[in-house]
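Visitor: Please see the structure below; I have some questions.
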Amino acid sequence: MTGDAGRSSPGVPLKTSGRPEGEPPAGAGRPGLDATAVLPYAGSRASHRTRALRAWMMTAPVDVAALLAPLLMTHQYWRGTLVMAGLTVTFFAAGGLYHARRHVSILDELPSLCGRLLASAAVVAMIAALRHESAEYVLGFTRGVGIAAGLVLVGRLLTREFATIARKRRWVEHNAIIIGSGPTAVELARLLRRYPQYGLRFVGCVDATSRPGSAAQPLIGRLDELEQLVRIVECDVLIIADPECPESVLMEVLRRPGNAACDLWAVPRLWGSRSHGDHIGAIPIVKVGDTTLSGPRWALKRASDVMFASLALLLLSPVLLLCALAVLIDGGPGIFFRQVRIGRHGEPFHIIKFRSMRPVDEHESQTNWSIAHDRRVGPIGRFLRRTSLDELPQLWNILRGDMSVVGPRPERPYFVEKFSAEYPNYAMRHRVPVGLTGLAQVSGLRGDTPISDRARFDNYYIENWSLWLDAKVLLRTVAEVFRAGGR
């Protein structure tokens, strides 16, 4: 990484205690934890160049190559081999087998690997048995599946060994800030400093509770300064190691855009509980779900948006044409209505809708909250709004990348500024693109409903996103359209 951990980062003074490194501070915390000052080591040039690398970039291609290896021996079972490869990779991804682990061990992954390989092999073998009555054909295909499964395990062994070597030699490492200043934070810092095979370079602790006599060293700042510190030390990973920090305060800080881009790990608050996550030394840690959409998840969502919008524009083109003609007959030229809305990361864009009425001026357009009962809305406009057909032109916004199919409701700058000042969590909605439909809308939160409830639903959607959640929202949206449950 770029920052020289052996000296202070620019603008971030290290608050060291002045004690000799081997001398514990007075009143050190929990017995058995070493509370000595732990200084980071200097970052390596190699790790700075490999900062963008992630675990799946090496593991997934090796898995795919192993699963397709039987095609080198025979093309007789190529359909089944391709289905087997796709199904297995899907099962692995669903089981988190492409996520980075701090403690790398093929033995830890072996039960999950074998179980998911058997599940995918069983599904494909049953399909092959139903399609082909020849026992010889099924036996030959099963033999190829066994070879592929064995190669996957060998590939996993090799990639895990290579990952361990790369970490130990510091070819790959990521800057980590520990949130906390107590004994657990000190022990984590010591373990990361001593054992580079965890792949994390300790760059400092931030004080989360401002307790007197904090043991962790070096303290590089306070929790409310975290976003600035993440940028200065080029942090990739945050580890929560302070059980006394209020969760509401912590989440407010972690949801900020600069912090949300970091991987987030946490030490469980109840040490006695059995942790099925990861561990650093003897300290259990669990991976906290992403607080924003990035990396492969964002690529998957964007790809699904483009496919859906393209298909919808093609299939609904007759409906779009009829709506355009109806608007033209009802109100004359100017069938489209364009308005500035706020999208991802607070960026403005022009939303496109079918016109249902003409505002008096731009000020009314930007500041009038609702026109549901406005007498200027004619029967055609009212029908379009009740069925949400007026929003179909936004499919073009989706193709352009301004919007997503599912996401928070796009709002005007005037109301975004107003609601952001009144509701602390409202601005967090803009971590993702706004949507044609959304979880809040299909849950009945539209029109004159509490903004705070909308913000909670939008943030819940962002933090629990999956393709299936998008599918559920779309199915509920279709039901709302047929019930004419629009505005």
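Naming works like this for the structure tokens: A, B, ... for the chains as they're shown, residue 1 at the start of each chain, ligands 1 onward in shown order.
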Looking only at the backbone, which of the residues in range 243-354 of chain A does DSSP tag as alpha helix (DSSP H), as a tab-separated table (two decimals) with all heavy atoms, in the first residue's frame?
Guide:
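And here is the file that came out, states.tsv:
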```
chain	number	residue	atom	x	y	z
A	247	GLU	N	-24.56	1.19	18.49
A	247	GLU	CA	-24.73	0.73	17.12
A	247	GLU	C	-25.27	1.83	16.21
A	247	GLU	O	-24.87	1.94	15.04
A	247	GLU	CB	-25.68	-0.47	17.10
A	247	GLU	CG	-25.81	-1.11	15.73
A	247	GLU	CD	-26.61	-2.39	15.77
A	247	GLU	OE1	-26.61	-3.06	16.82
A	247	GLU	OE2	-27.23	-2.72	14.76
A	248	SER	N	-26.18	2.67	16.72
A	248	SER	CA	-26.75	3.73	15.89
A	248	SER	C	-25.68	4.72	15.44
A	248	SER	O	-25.65	5.15	14.29
A	248	SER	CB	-27.86	4.46	16.65
A	248	SER	OG	-27.35	5.00	17.87
A	249	VAL	N	-24.77	5.07	16.36
A	249	VAL	CA	-23.68	5.99	16.02
A	249	VAL	C	-22.74	5.35	15.01
A	249	VAL	O	-22.32	5.97	14.03
A	249	VAL	CB	-22.91	6.39	17.30
A	249	VAL	CG1	-21.70	7.25	16.95
A	249	VAL	CG2	-23.82	7.12	18.27
A	250	LEU	N	-22.42	4.08	15.25
A	250	LEU	CA	-21.49	3.37	14.38
A	250	LEU	C	-22.05	3.24	12.96
A	250	LEU	O	-21.35	3.51	11.98
A	250	LEU	CB	-21.22	1.98	14.97
A	250	LEU	CG	-20.12	1.15	14.32
A	250	LEU	CD1	-18.79	1.87	14.39
A	250	LEU	CD2	-20.02	-0.21	15.00
A	251	MET	N	-23.32	2.85	12.83
A	251	MET	CA	-23.90	2.67	11.50
A	251	MET	C	-24.03	3.98	10.75
A	251	MET	O	-23.87	4.02	9.52
A	251	MET	CB	-25.26	1.99	11.61
A	251	MET	CG	-25.19	0.53	12.03
A	251	MET	SD	-24.02	-0.43	11.03
A	251	MET	CE	-24.72	-0.26	9.40
A	252	GLU	N	-24.28	5.07	11.46
A	252	GLU	CA	-24.36	6.36	10.80
A	252	GLU	C	-23.03	6.72	10.15
A	252	GLU	O	-22.99	7.26	9.04
A	252	GLU	CB	-24.77	7.45	11.80
A	252	GLU	CG	-24.90	8.82	11.17
A	252	GLU	CD	-25.25	9.90	12.18
A	252	GLU	OE1	-25.55	9.56	13.34
A	252	GLU	OE2	-25.21	11.09	11.81
A	253	VAL	N	-21.94	6.39	10.83
A	253	VAL	CA	-20.61	6.69	10.29
A	253	VAL	C	-20.27	5.72	9.15
A	253	VAL	O	-19.77	6.13	8.10
A	253	VAL	CB	-19.55	6.59	11.41
A	253	VAL	CG1	-18.15	6.71	10.82
A	253	VAL	CG2	-19.78	7.67	12.45
A	254	LEU	N	-20.57	4.44	9.32
A	254	LEU	CA	-20.19	3.44	8.33
A	254	LEU	C	-20.97	3.57	7.03
A	254	LEU	O	-20.50	3.12	5.99
A	254	LEU	CB	-20.38	2.03	8.91
A	254	LEU	CG	-19.48	1.67	10.08
A	254	LEU	CD1	-19.83	0.29	10.61
A	254	LEU	CD2	-18.01	1.71	9.67
A	257	PRO	N	-20.52	7.55	2.28
A	257	PRO	CA	-20.00	7.00	1.02
A	257	PRO	C	-18.54	6.57	1.08
A	257	PRO	O	-18.18	5.51	0.57
A	257	PRO	CB	-20.21	8.14	0.03
A	257	PRO	CG	-21.36	8.91	0.58
A	257	PRO	CD	-21.24	8.82	2.08
A	258	GLY	N	-17.68	7.38	1.70
A	258	GLY	CA	-16.26	7.03	1.76
A	258	GLY	C	-15.98	5.79	2.56
A	258	GLY	O	-15.04	5.03	2.27
A	259	ASN	N	-16.80	5.52	3.60
A	259	ASN	CA	-16.61	4.34	4.44
A	259	ASN	C	-17.30	3.11	3.86
A	259	ASN	O	-16.85	1.98	4.06
A	259	ASN	CB	-17.14	4.60	5.85
A	259	ASN	CG	-16.45	5.78	6.51
A	259	ASN	OD1	-15.29	6.07	6.23
A	259	ASN	ND2	-17.16	6.49	7.38
A	260	ALA	N	-18.42	3.33	3.17
A	260	ALA	CA	-19.21	2.21	2.65
A	260	ALA	C	-18.46	1.42	1.59
A	260	ALA	O	-18.80	0.27	1.32
A	260	ALA	CB	-20.53	2.72	2.08
A	295	GLY	N	-18.64	-3.78	-6.90
A	295	GLY	CA	-17.98	-4.98	-7.38
A	295	GLY	C	-18.90	-5.87	-8.21
A	295	GLY	O	-19.75	-5.39	-8.97
A	296	PRO	N	-18.78	-7.20	-8.05
A	296	PRO	CA	-19.59	-8.13	-8.85
A	296	PRO	C	-21.09	-7.95	-8.64
A	296	PRO	O	-21.88	-8.14	-9.56
A	296	PRO	CB	-19.12	-9.51	-8.37
A	296	PRO	CG	-17.78	-9.28	-7.76
A	296	PRO	CD	-17.82	-7.90	-7.20
A	297	ARG	N	-21.50	-7.61	-7.41
A	297	ARG	CA	-22.93	-7.43	-7.14
A	297	ARG	C	-23.49	-6.27	-7.96
A	297	ARG	O	-24.60	-6.35	-8.50
A	297	ARG	CB	-23.16	-7.19	-5.64
A	297	ARG	CG	-22.70	-8.35	-4.78
A	297	ARG	CD	-22.71	-8.01	-3.31
A	297	ARG	NE	-24.05	-7.96	-2.77
A	297	ARG	CZ	-24.62	-6.88	-2.25
A	297	ARG	NH1	-23.94	-5.74	-2.21
A	297	ARG	NH2	-25.84	-6.92	-1.76
A	298	TRP	N	-22.72	-5.19	-8.03
A	298	TRP	CA	-23.17	-4.04	-8.82
A	298	TRP	C	-23.18	-4.40	-10.31
A	298	TRP	O	-24.11	-4.02	-11.04
A	298	TRP	CB	-22.27	-2.84	-8.57
A	298	TRP	CG	-22.43	-1.75	-9.57
A	298	TRP	CD1	-21.50	-1.28	-10.43
A	298	TRP	CD2	-23.63	-1.01	-9.84
A	298	TRP	NE1	-22.02	-0.28	-11.22
A	298	TRP	CE2	-23.34	-0.09	-10.87
A	298	TRP	CE3	-24.91	-1.03	-9.30
A	298	TRP	CZ2	-24.27	0.79	-11.39
A	298	TRP	CZ3	-25.86	-0.15	-9.82
A	298	TRP	CH2	-25.53	0.74	-10.84
A	299	ALA	N	-22.17	-5.12	-10.79
A	299	ALA	CA	-22.13	-5.53	-12.20
A	299	ALA	C	-23.33	-6.42	-12.53
A	299	ALA	O	-23.93	-6.29	-13.60
A	299	ALA	CB	-20.82	-6.25	-12.49
A	300	LEU	N	-23.69	-7.32	-11.60
A	300	LEU	CA	-24.83	-8.21	-11.82
A	300	LEU	C	-26.14	-7.41	-11.88
A	300	LEU	O	-26.98	-7.65	-12.74
A	300	LEU	CB	-24.89	-9.25	-10.70
A	300	LEU	CG	-25.98	-10.30	-10.78
A	300	LEU	CD1	-25.83	-11.14	-12.05
A	300	LEU	CD2	-25.95	-11.20	-9.55
A	301	LYS	N	-26.28	-6.46	-10.97
A	301	LYS	CA	-27.50	-5.65	-10.97
A	301	LYS	C	-27.59	-4.80	-12.24
A	301	LYS	O	-28.66	-4.70	-12.85
A	301	LYS	CB	-27.54	-4.75	-9.74
A	301	LYS	CG	-28.81	-3.89	-9.66
A	301	LYS	CD	-28.93	-3.18	-8.33
A	301	LYS	CE	-30.12	-2.23	-8.30
A	301	LYS	NZ	-31.40	-2.94	-8.51
A	302	ARG	N	-26.49	-4.21	-12.64
A	302	ARG	CA	-26.49	-3.37	-13.84
A	302	ARG	C	-26.81	-4.21	-15.08
A	302	ARG	O	-27.58	-3.78	-15.96
A	302	ARG	CB	-25.14	-2.67	-14.01
A	302	ARG	CG	-25.02	-1.79	-15.24
A	302	ARG	CD	-26.04	-0.68	-15.23
A	302	ARG	NE	-26.06	0.06	-16.50
A	302	ARG	CZ	-27.12	0.64	-16.98
A	302	ARG	NH1	-28.27	0.60	-16.32
A	302	ARG	NH2	-27.07	1.30	-18.13
A	303	ALA	N	-26.24	-5.40	-15.17
A	303	ALA	CA	-26.52	-6.27	-16.32
A	303	ALA	C	-27.99	-6.66	-16.36
A	303	ALA	O	-28.62	-6.67	-17.43
A	303	ALA	CB	-25.64	-7.52	-16.25
A	304	SER	N	-28.57	-6.97	-15.20
A	304	SER	CA	-29.99	-7.33	-15.16
A	304	SER	C	-30.87	-6.13	-15.52
A	304	SER	O	-31.91	-6.29	-16.17
A	304	SER	CB	-30.36	-7.88	-13.77
A	304	SER	OG	-30.25	-6.87	-12.77
A	305	ASP	N	-30.45	-4.92	-15.13
A	305	ASP	CA	-31.20	-3.72	-15.49
A	305	ASP	C	-31.23	-3.51	-17.00
A	305	ASP	O	-32.29	-3.22	-17.59
A	305	ASP	CB	-30.57	-2.49	-14.83
A	305	ASP	CG	-30.87	-2.39	-13.34
A	305	ASP	OD1	-31.81	-3.07	-12.88
A	305	ASP	OD2	-30.17	-1.64	-12.65
A	306	VAL	N	-30.07	-3.65	-17.63
A	306	VAL	CA	-29.99	-3.44	-19.08
A	306	VAL	C	-30.83	-4.48	-19.82
A	306	VAL	O	-31.57	-4.15	-20.77
A	306	VAL	CB	-28.51	-3.49	-19.54
A	306	VAL	CG1	-28.42	-3.48	-21.07
A	306	VAL	CG2	-27.73	-2.32	-18.96
A	307	MET	N	-30.74	-5.73	-19.38
A	307	MET	CA	-31.51	-6.78	-20.05
A	307	MET	C	-33.01	-6.53	-19.89
A	307	MET	O	-33.79	-6.64	-20.85
A	307	MET	CB	-31.13	-8.14	-19.46
A	307	MET	CG	-29.73	-8.62	-19.82
A	307	MET	SD	-29.31	-10.17	-19.00
A	307	MET	CE	-30.60	-11.24	-19.61
A	308	PHE	N	-33.44	-6.18	-18.67
A	308	PHE	CA	-34.86	-5.97	-18.41
A	308	PHE	C	-35.38	-4.77	-19.21
A	308	PHE	O	-36.44	-4.84	-19.85
A	308	PHE	CB	-35.09	-5.74	-16.92
A	308	PHE	CG	-36.54	-5.47	-16.57
A	308	PHE	CD1	-37.39	-6.51	-16.27
A	308	PHE	CD2	-37.04	-4.17	-16.54
A	308	PHE	CE1	-38.71	-6.27	-15.96
A	308	PHE	CE2	-38.36	-3.91	-16.23
A	308	PHE	CZ	-39.20	-4.98	-15.93
A	309	ALA	N	-34.65	-3.65	-19.17
A	309	ALA	CA	-35.10	-2.45	-19.86
A	309	ALA	C	-35.17	-2.66	-21.37
A	309	ALA	O	-36.11	-2.20	-22.03
A	309	ALA	CB	-34.18	-1.28	-19.52
A	310	SER	N	-34.18	-3.34	-21.93
A	310	SER	CA	-34.17	-3.59	-23.37
A	310	SER	C	-35.36	-4.45	-23.77
A	310	SER	O	-36.07	-4.15	-24.75
A	310	SER	CB	-32.87	-4.28	-23.78
A	310	SER	OG	-31.74	-3.50	-23.44
A	311	LEU	N	-35.59	-5.53	-23.02
A	311	LEU	CA	-36.70	-6.42	-23.32
A	311	LEU	C	-38.04	-5.72	-23.13
A	311	LEU	O	-38.97	-5.86	-23.94
A	311	LEU	CB	-36.61	-7.66	-22.44
A	311	LEU	CG	-37.62	-8.78	-22.72
A	311	LEU	CD1	-37.42	-9.33	-24.14
A	311	LEU	CD2	-37.47	-9.92	-21.70
A	312	ALA	N	-38.15	-4.92	-22.06
A	312	ALA	CA	-39.41	-4.22	-21.78
A	312	ALA	C	-39.72	-3.19	-22.87
A	312	ALA	O	-40.87	-3.05	-23.29
A	312	ALA	CB	-39.34	-3.54	-20.41
A	313	LEU	N	-38.71	-2.45	-23.32
A	313	LEU	CA	-38.93	-1.48	-24.39
A	313	LEU	C	-39.41	-2.15	-25.68
A	313	LEU	O	-40.27	-1.63	-26.39
A	313	LEU	CB	-37.65	-0.69	-24.66
A	313	LEU	CG	-37.34	0.46	-23.70
A	313	LEU	CD1	-35.95	1.02	-23.97
A	313	LEU	CD2	-38.39	1.57	-23.83
A	314	LEU	N	-38.86	-3.33	-25.95
A	314	LEU	CA	-39.24	-4.07	-27.15
A	314	LEU	C	-40.68	-4.58	-27.05
A	314	LEU	O	-41.50	-4.39	-27.95
A	314	LEU	CB	-38.26	-5.22	-27.38
A	314	LEU	CG	-38.51	-6.09	-28.62
A	314	LEU	CD1	-38.33	-5.24	-29.89
A	314	LEU	CD2	-37.57	-7.28	-28.64
A	315	LEU	N	-41.01	-5.21	-25.93
A	315	LEU	CA	-42.32	-5.83	-25.77
A	315	LEU	C	-43.43	-4.80	-25.55
A	315	LEU	O	-44.57	-5.01	-25.97
A	315	LEU	CB	-42.30	-6.82	-24.60
A	315	LEU	CG	-41.37	-8.03	-24.75
A	315	LEU	CD1	-41.42	-8.90	-23.49
A	315	LEU	CD2	-41.75	-8.86	-25.97
A	317	SER	N	-43.47	-1.68	-26.65
A	317	SER	CA	-43.48	-0.59	-27.64
A	317	SER	C	-44.90	-0.26	-28.13
A	317	SER	O	-45.22	0.93	-28.29
A	317	SER	CB	-42.56	-0.93	-28.82
A	317	SER	OG	-42.88	-2.19	-29.37
A	318	PRO	N	-45.80	-1.25	-28.35
A	318	PRO	CA	-47.18	-0.88	-28.72
A	318	PRO	C	-47.88	-0.08	-27.62
A	318	PRO	O	-48.62	0.87	-27.91
A	318	PRO	CB	-47.86	-2.23	-28.95
A	318	PRO	CG	-46.75	-3.18	-29.25
A	318	PRO	CD	-45.61	-2.71	-28.41
A	319	VAL	N	-47.65	-0.46	-26.35
A	319	VAL	CA	-48.27	0.26	-25.22
A	319	VAL	C	-47.72	1.68	-25.16
A	319	VAL	O	-48.47	2.65	-24.94
A	319	VAL	CB	-48.02	-0.49	-23.90
A	319	VAL	CG1	-48.60	0.29	-22.72
A	319	VAL	CG2	-48.59	-1.89	-23.96
A	320	LEU	N	-46.42	1.83	-25.35
A	320	LEU	CA	-45.80	3.16	-25.34
A	320	LEU	C	-46.39	4.04	-26.44
A	320	LEU	O	-46.66	5.23	-26.25
A	320	LEU	CB	-44.29	3.04	-25.50
A	320	LEU	CG	-43.51	2.51	-24.30
A	320	LEU	CD1	-42.12	2.05	-24.72
A	320	LEU	CD2	-43.40	3.57	-23.23
A	321	LEU	N	-46.60	3.45	-27.61
A	321	LEU	CA	-47.15	4.20	-28.74
A	321	LEU	C	-48.58	4.65	-28.44
A	321	LEU	O	-48.96	5.80	-28.70
A	321	LEU	CB	-47.10	3.35	-30.00
A	321	LEU	CG	-47.64	3.99	-31.29
A	321	LEU	CD1	-46.86	5.26	-31.62
A	321	LEU	CD2	-47.59	3.00	-32.45
A	322	LEU	N	-49.39	3.76	-27.87
A	322	LEU	CA	-50.77	4.12	-27.52
A	322	LEU	C	-50.81	5.22	-26.47
A	322	LEU	O	-51.63	6.15	-26.56
A	322	LEU	CB	-51.51	2.87	-27.02
A	322	LEU	CG	-51.86	1.82	-28.08
A	322	LEU	CD1	-52.48	0.58	-27.42
A	322	LEU	CD2	-52.82	2.39	-29.12
A	323	CYS	N	-49.93	5.11	-25.47
A	323	CYS	CA	-49.88	6.15	-24.43
A	323	CYS	C	-49.49	7.50	-25.03
A	323	CYS	O	-50.07	8.55	-24.67
A	323	CYS	CB	-48.89	5.76	-23.33
A	323	CYS	SG	-49.40	4.37	-22.30
A	324	ALA	N	-48.51	7.48	-25.94
A	324	ALA	CA	-48.07	8.73	-26.57
A	324	ALA	C	-49.21	9.36	-27.38
A	324	ALA	O	-49.43	10.58	-27.33
A	324	ALA	CB	-46.86	8.45	-27.46
A	325	LEU	N	-49.96	8.55	-28.12
A	325	LEU	CA	-51.08	9.07	-28.90
A	325	LEU	C	-52.17	9.64	-27.99
A	325	LEU	O	-52.76	10.69	-28.28
A	325	LEU	CB	-51.66	7.96	-29.78
A	325	LEU	CG	-50.79	7.52	-30.97
A	325	LEU	CD1	-51.41	6.32	-31.67
A	325	LEU	CD2	-50.61	8.68	-31.96
A	326	ALA	N	-52.43	8.94	-26.87
A	326	ALA	CA	-53.46	9.42	-25.94
A	326	ALA	C	-53.07	10.76	-25.34
A	326	ALA	O	-53.92	11.67	-25.23
A	326	ALA	CB	-53.66	8.38	-24.84
A	327	VAL	N	-51.81	10.92	-24.96
A	327	VAL	CA	-51.34	12.19	-24.39
A	327	VAL	C	-51.41	13.29	-25.44
A	327	VAL	O	-51.81	14.43	-25.15
A	327	VAL	CB	-49.90	12.03	-23.85
A	327	VAL	CG1	-49.33	13.39	-23.42
A	327	VAL	CG2	-49.88	11.07	-22.67
A	328	LEU	N	-51.06	12.97	-26.69
A	328	LEU	CA	-51.09	13.95	-27.76
A	328	LEU	C	-52.53	14.42	-28.02
A	328	LEU	O	-52.78	15.63	-28.17
A	328	LEU	CB	-50.49	13.34	-29.03
A	328	LEU	CG	-50.41	14.25	-30.26
A	328	LEU	CD1	-49.49	15.43	-30.00
A	328	LEU	CD2	-49.94	13.46	-31.47
A	329	ILE	N	-53.48	13.49	-28.04
A	329	ILE	CA	-54.89	13.85	-28.28
A	329	ILE	C	-55.44	14.65	-27.10
A	329	ILE	O	-56.19	15.62	-27.29
A	329	ILE	CB	-55.72	12.57	-28.51
A	329	ILE	CG1	-55.29	11.89	-29.81
A	329	ILE	CG2	-57.22	12.89	-28.54
A	329	ILE	CD1	-55.89	10.52	-30.01
A	330	ASP	N	-55.02	14.28	-25.88
A	330	ASP	CA	-55.58	14.92	-24.69
A	330	ASP	C	-55.04	16.33	-24.48
A	330	ASP	O	-55.79	17.23	-24.08
A	330	ASP	CB	-55.24	14.06	-23.46
A	330	ASP	CG	-55.85	14.62	-22.18
A	330	ASP	OD1	-57.09	14.81	-22.16
A	330	ASP	OD2	-55.10	14.85	-21.21
A	331	GLY	N	-53.74	16.54	-24.75
A	331	GLY	CA	-53.15	17.83	-24.39
A	331	GLY	C	-52.34	18.49	-25.46
A	331	GLY	O	-51.66	19.49	-25.20
```
Visitor: So which residues of range 150-338 of chain A fall under strand (DSSP E) by DSSP, listed as a VMD selection string?
Guide: chain A and resid 174 to 179 200 to 207 219 to 222 237 to 240 263 to 266 278 to 280 283 to 287 336 to 338
Visitor: So that I can see what lies close to Leu389 in chain A, please list as a compact mmCIF listing (two decimals) with all heavy atoms, in the first residue's frame the residues with an atom at most 10 Å from it, counting only C-alpha atoms and leaving out residues fewer than 2 positions away in the same chain.
Guide:
```
# COMPACT_ATOMS: atom_id res chain seq x y z
N VAL A 319 -47.65 -0.46 -26.35
CA VAL A 319 -48.27 0.26 -25.22
C VAL A 319 -47.72 1.68 -25.16
O VAL A 319 -48.47 2.65 -24.94
CB VAL A 319 -48.02 -0.49 -23.90
CG1 VAL A 319 -48.60 0.29 -22.72
CG2 VAL A 319 -48.59 -1.89 -23.96
N LEU A 320 -46.42 1.83 -25.35
CA LEU A 320 -45.80 3.16 -25.34
C LEU A 320 -46.39 4.04 -26.44
O LEU A 320 -46.66 5.23 -26.25
CB LEU A 320 -44.29 3.04 -25.50
CG LEU A 320 -43.51 2.51 -24.30
CD1 LEU A 320 -42.12 2.05 -24.72
CD2 LEU A 320 -43.40 3.57 -23.23
N CYS A 323 -49.93 5.11 -25.47
CA CYS A 323 -49.88 6.15 -24.43
C CYS A 323 -49.49 7.50 -25.03
O CYS A 323 -50.07 8.55 -24.67
CB CYS A 323 -48.89 5.76 -23.33
SG CYS A 323 -49.40 4.37 -22.30
N LYS A 353 -40.95 11.22 -18.42
CA LYS A 353 -42.25 10.63 -18.14
C LYS A 353 -43.23 11.10 -19.22
O LYS A 353 -42.98 12.09 -19.91
CB LYS A 353 -42.76 11.05 -16.75
CG LYS A 353 -41.83 10.71 -15.62
CD LYS A 353 -42.28 11.33 -14.31
CE LYS A 353 -43.53 10.68 -13.79
NZ LYS A 353 -43.89 11.18 -12.44
N PHE A 354 -44.36 10.38 -19.34
CA PHE A 354 -45.44 10.90 -20.15
C PHE A 354 -46.11 12.05 -19.40
O PHE A 354 -46.37 11.95 -18.20
CB PHE A 354 -46.47 9.82 -20.44
CG PHE A 354 -46.05 8.85 -21.51
CD1 PHE A 354 -46.01 7.49 -21.26
CD2 PHE A 354 -45.70 9.31 -22.77
CE1 PHE A 354 -45.63 6.59 -22.24
CE2 PHE A 354 -45.31 8.42 -23.77
CZ PHE A 354 -45.27 7.06 -23.50
N GLY A 381 -54.53 11.69 -18.20
CA GLY A 381 -53.42 11.80 -17.26
C GLY A 381 -53.69 11.04 -15.97
O GLY A 381 -52.79 10.40 -15.42
N PHE A 383 -55.61 8.41 -15.59
CA PHE A 383 -55.49 6.97 -15.86
C PHE A 383 -54.03 6.55 -15.94
O PHE A 383 -53.63 5.51 -15.39
CB PHE A 383 -56.21 6.63 -17.17
CG PHE A 383 -56.01 5.21 -17.61
CD1 PHE A 383 -56.70 4.17 -17.02
CD2 PHE A 383 -55.10 4.91 -18.63
CE1 PHE A 383 -56.49 2.85 -17.43
CE2 PHE A 383 -54.89 3.61 -19.05
CZ PHE A 383 -55.59 2.57 -18.45
N LEU A 384 -53.21 7.35 -16.64
CA LEU A 384 -51.79 7.01 -16.76
C LEU A 384 -51.11 6.98 -15.39
O LEU A 384 -50.27 6.12 -15.12
CB LEU A 384 -51.09 8.02 -17.67
CG LEU A 384 -51.46 8.00 -19.15
CD1 LEU A 384 -50.73 9.11 -19.89
CD2 LEU A 384 -51.14 6.65 -19.76
N ARG A 385 -51.49 7.91 -14.53
CA ARG A 385 -50.86 7.96 -13.21
C ARG A 385 -51.34 6.81 -12.31
O ARG A 385 -50.55 6.24 -11.57
CB ARG A 385 -51.14 9.31 -12.55
CG ARG A 385 -50.44 10.48 -13.23
CD ARG A 385 -50.79 11.79 -12.58
NE ARG A 385 -50.33 11.83 -11.19
CZ ARG A 385 -49.09 12.11 -10.81
NH1 ARG A 385 -48.17 12.38 -11.73
NH2 ARG A 385 -48.76 12.13 -9.54
N ARG A 386 -52.63 6.49 -12.38
CA ARG A 386 -53.15 5.41 -11.53
C ARG A 386 -52.56 4.05 -11.93
O ARG A 386 -52.37 3.18 -11.09
CB ARG A 386 -54.68 5.36 -11.62
CG ARG A 386 -55.38 6.48 -10.84
CD ARG A 386 -56.87 6.25 -10.79
NE ARG A 386 -57.21 4.99 -10.10
CZ ARG A 386 -57.27 4.86 -8.78
NH1 ARG A 386 -57.02 5.90 -7.99
NH2 ARG A 386 -57.59 3.71 -8.24
N THR A 387 -52.28 3.86 -13.21
CA THR A 387 -51.70 2.60 -13.68
C THR A 387 -50.18 2.65 -13.76
O THR A 387 -49.55 1.65 -14.13
CB THR A 387 -52.25 2.26 -15.07
OG1 THR A 387 -51.99 3.35 -15.96
CG2 THR A 387 -53.75 2.00 -15.00
N GLU A 391 -44.84 6.34 -16.27
CA GLU A 391 -43.42 6.18 -15.92
C GLU A 391 -42.66 5.26 -16.87
O GLU A 391 -41.46 5.06 -16.71
CB GLU A 391 -43.31 5.67 -14.49
CG GLU A 391 -43.92 6.62 -13.46
CD GLU A 391 -43.60 6.23 -12.03
OE1 GLU A 391 -42.83 5.28 -11.84
OE2 GLU A 391 -44.13 6.88 -11.11
N LEU A 392 -43.34 4.68 -17.86
CA LEU A 392 -42.67 3.75 -18.77
C LEU A 392 -41.51 4.38 -19.55
O LEU A 392 -40.53 3.68 -19.82
CB LEU A 392 -43.69 3.17 -19.76
CG LEU A 392 -44.65 2.12 -19.18
CD1 LEU A 392 -45.59 1.61 -20.26
CD2 LEU A 392 -43.88 0.97 -18.54
N PRO A 393 -41.54 5.67 -19.94
CA PRO A 393 -40.37 6.24 -20.62
C PRO A 393 -39.09 6.20 -19.79
O PRO A 393 -37.99 6.37 -20.34
CB PRO A 393 -40.79 7.69 -20.91
CG PRO A 393 -42.28 7.63 -20.99
CD PRO A 393 -42.69 6.61 -19.96
N VAL A 481 -49.96 -2.47 -10.59
CA VAL A 481 -50.39 -1.88 -11.86
C VAL A 481 -51.76 -2.42 -12.26
O VAL A 481 -52.66 -1.67 -12.67
CB VAL A 481 -49.35 -2.14 -12.97
CG1 VAL A 481 -49.90 -1.75 -14.33
CG2 VAL A 481 -48.07 -1.36 -12.69
N ALA A 484 -54.46 -0.97 -10.46
CA ALA A 484 -54.52 0.48 -10.64
C ALA A 484 -54.29 1.17 -9.33
O ALA A 484 -54.99 2.10 -8.94
CB ALA A 484 -55.86 0.90 -11.25
N GLY A 486 -51.85 3.09 -8.44
CA GLY A 486 -50.94 4.22 -8.52
C GLY A 486 -51.49 5.44 -7.84
O GLY A 486 -52.42 5.39 -7.06
```
Visitor: Show which residues sit within 10 Å of Leu82 in chain A, as a PyMOL selection string. Count only C-alpha atoms, and ignore same-chain residues fewer than 6 positions away.
Guide: chain A and resi 64+67-68+71+88
Visitor: For Leu139 in chain A, find every residue with an atom within 12 Å (counting only C-alpha atoms), except residues of its own chain fewer than 5 positions away, and show them as an MDAnalysis selection string.
Guide: chainID A and resid 77 125:126 128:129 132:134 144:146
Visitor: Excluding Leu469 in chain A and residues on its chain fewer than 5 positions from it, collect all residues at most 12 Å away from it, counting only C-alpha atoms, and give them as a short mmCIF file (atom, residue, chain, number, x, y, z; two decimals) with C-alpha atoms, in the first residue's frame.
Guide:
```cif
data_model
loop_
_atom_site.label_atom_id
_atom_site.label_comp_id
_atom_site.auth_asym_id
_atom_site.auth_seq_id
_atom_site.Cartn_x
_atom_site.Cartn_y
_atom_site.Cartn_z
CA LYS A 301 -27.50 -5.65 -10.97
CA VAL A 405 -35.27 -1.00 -12.42
CA VAL A 406 -35.59 -1.32 -8.64
CA GLY A 407 -34.28 1.27 -6.22
CA GLY A 438 -38.92 0.20 -5.23
CA LEU A 439 -39.53 -1.71 -2.03
CA TYR A 460 -33.11 -1.93 4.05
CA TYR A 461 -33.34 -2.71 0.34
CA ILE A 462 -29.80 -1.46 -0.32
CA GLU A 463 -28.26 -3.44 2.54
CA ASN A 464 -30.16 -6.67 1.75
CA LEU A 474 -41.16 -6.38 -9.71
CA LEU A 475 -43.86 -9.02 -9.18
CA ARG A 476 -45.53 -6.86 -6.55
#
```
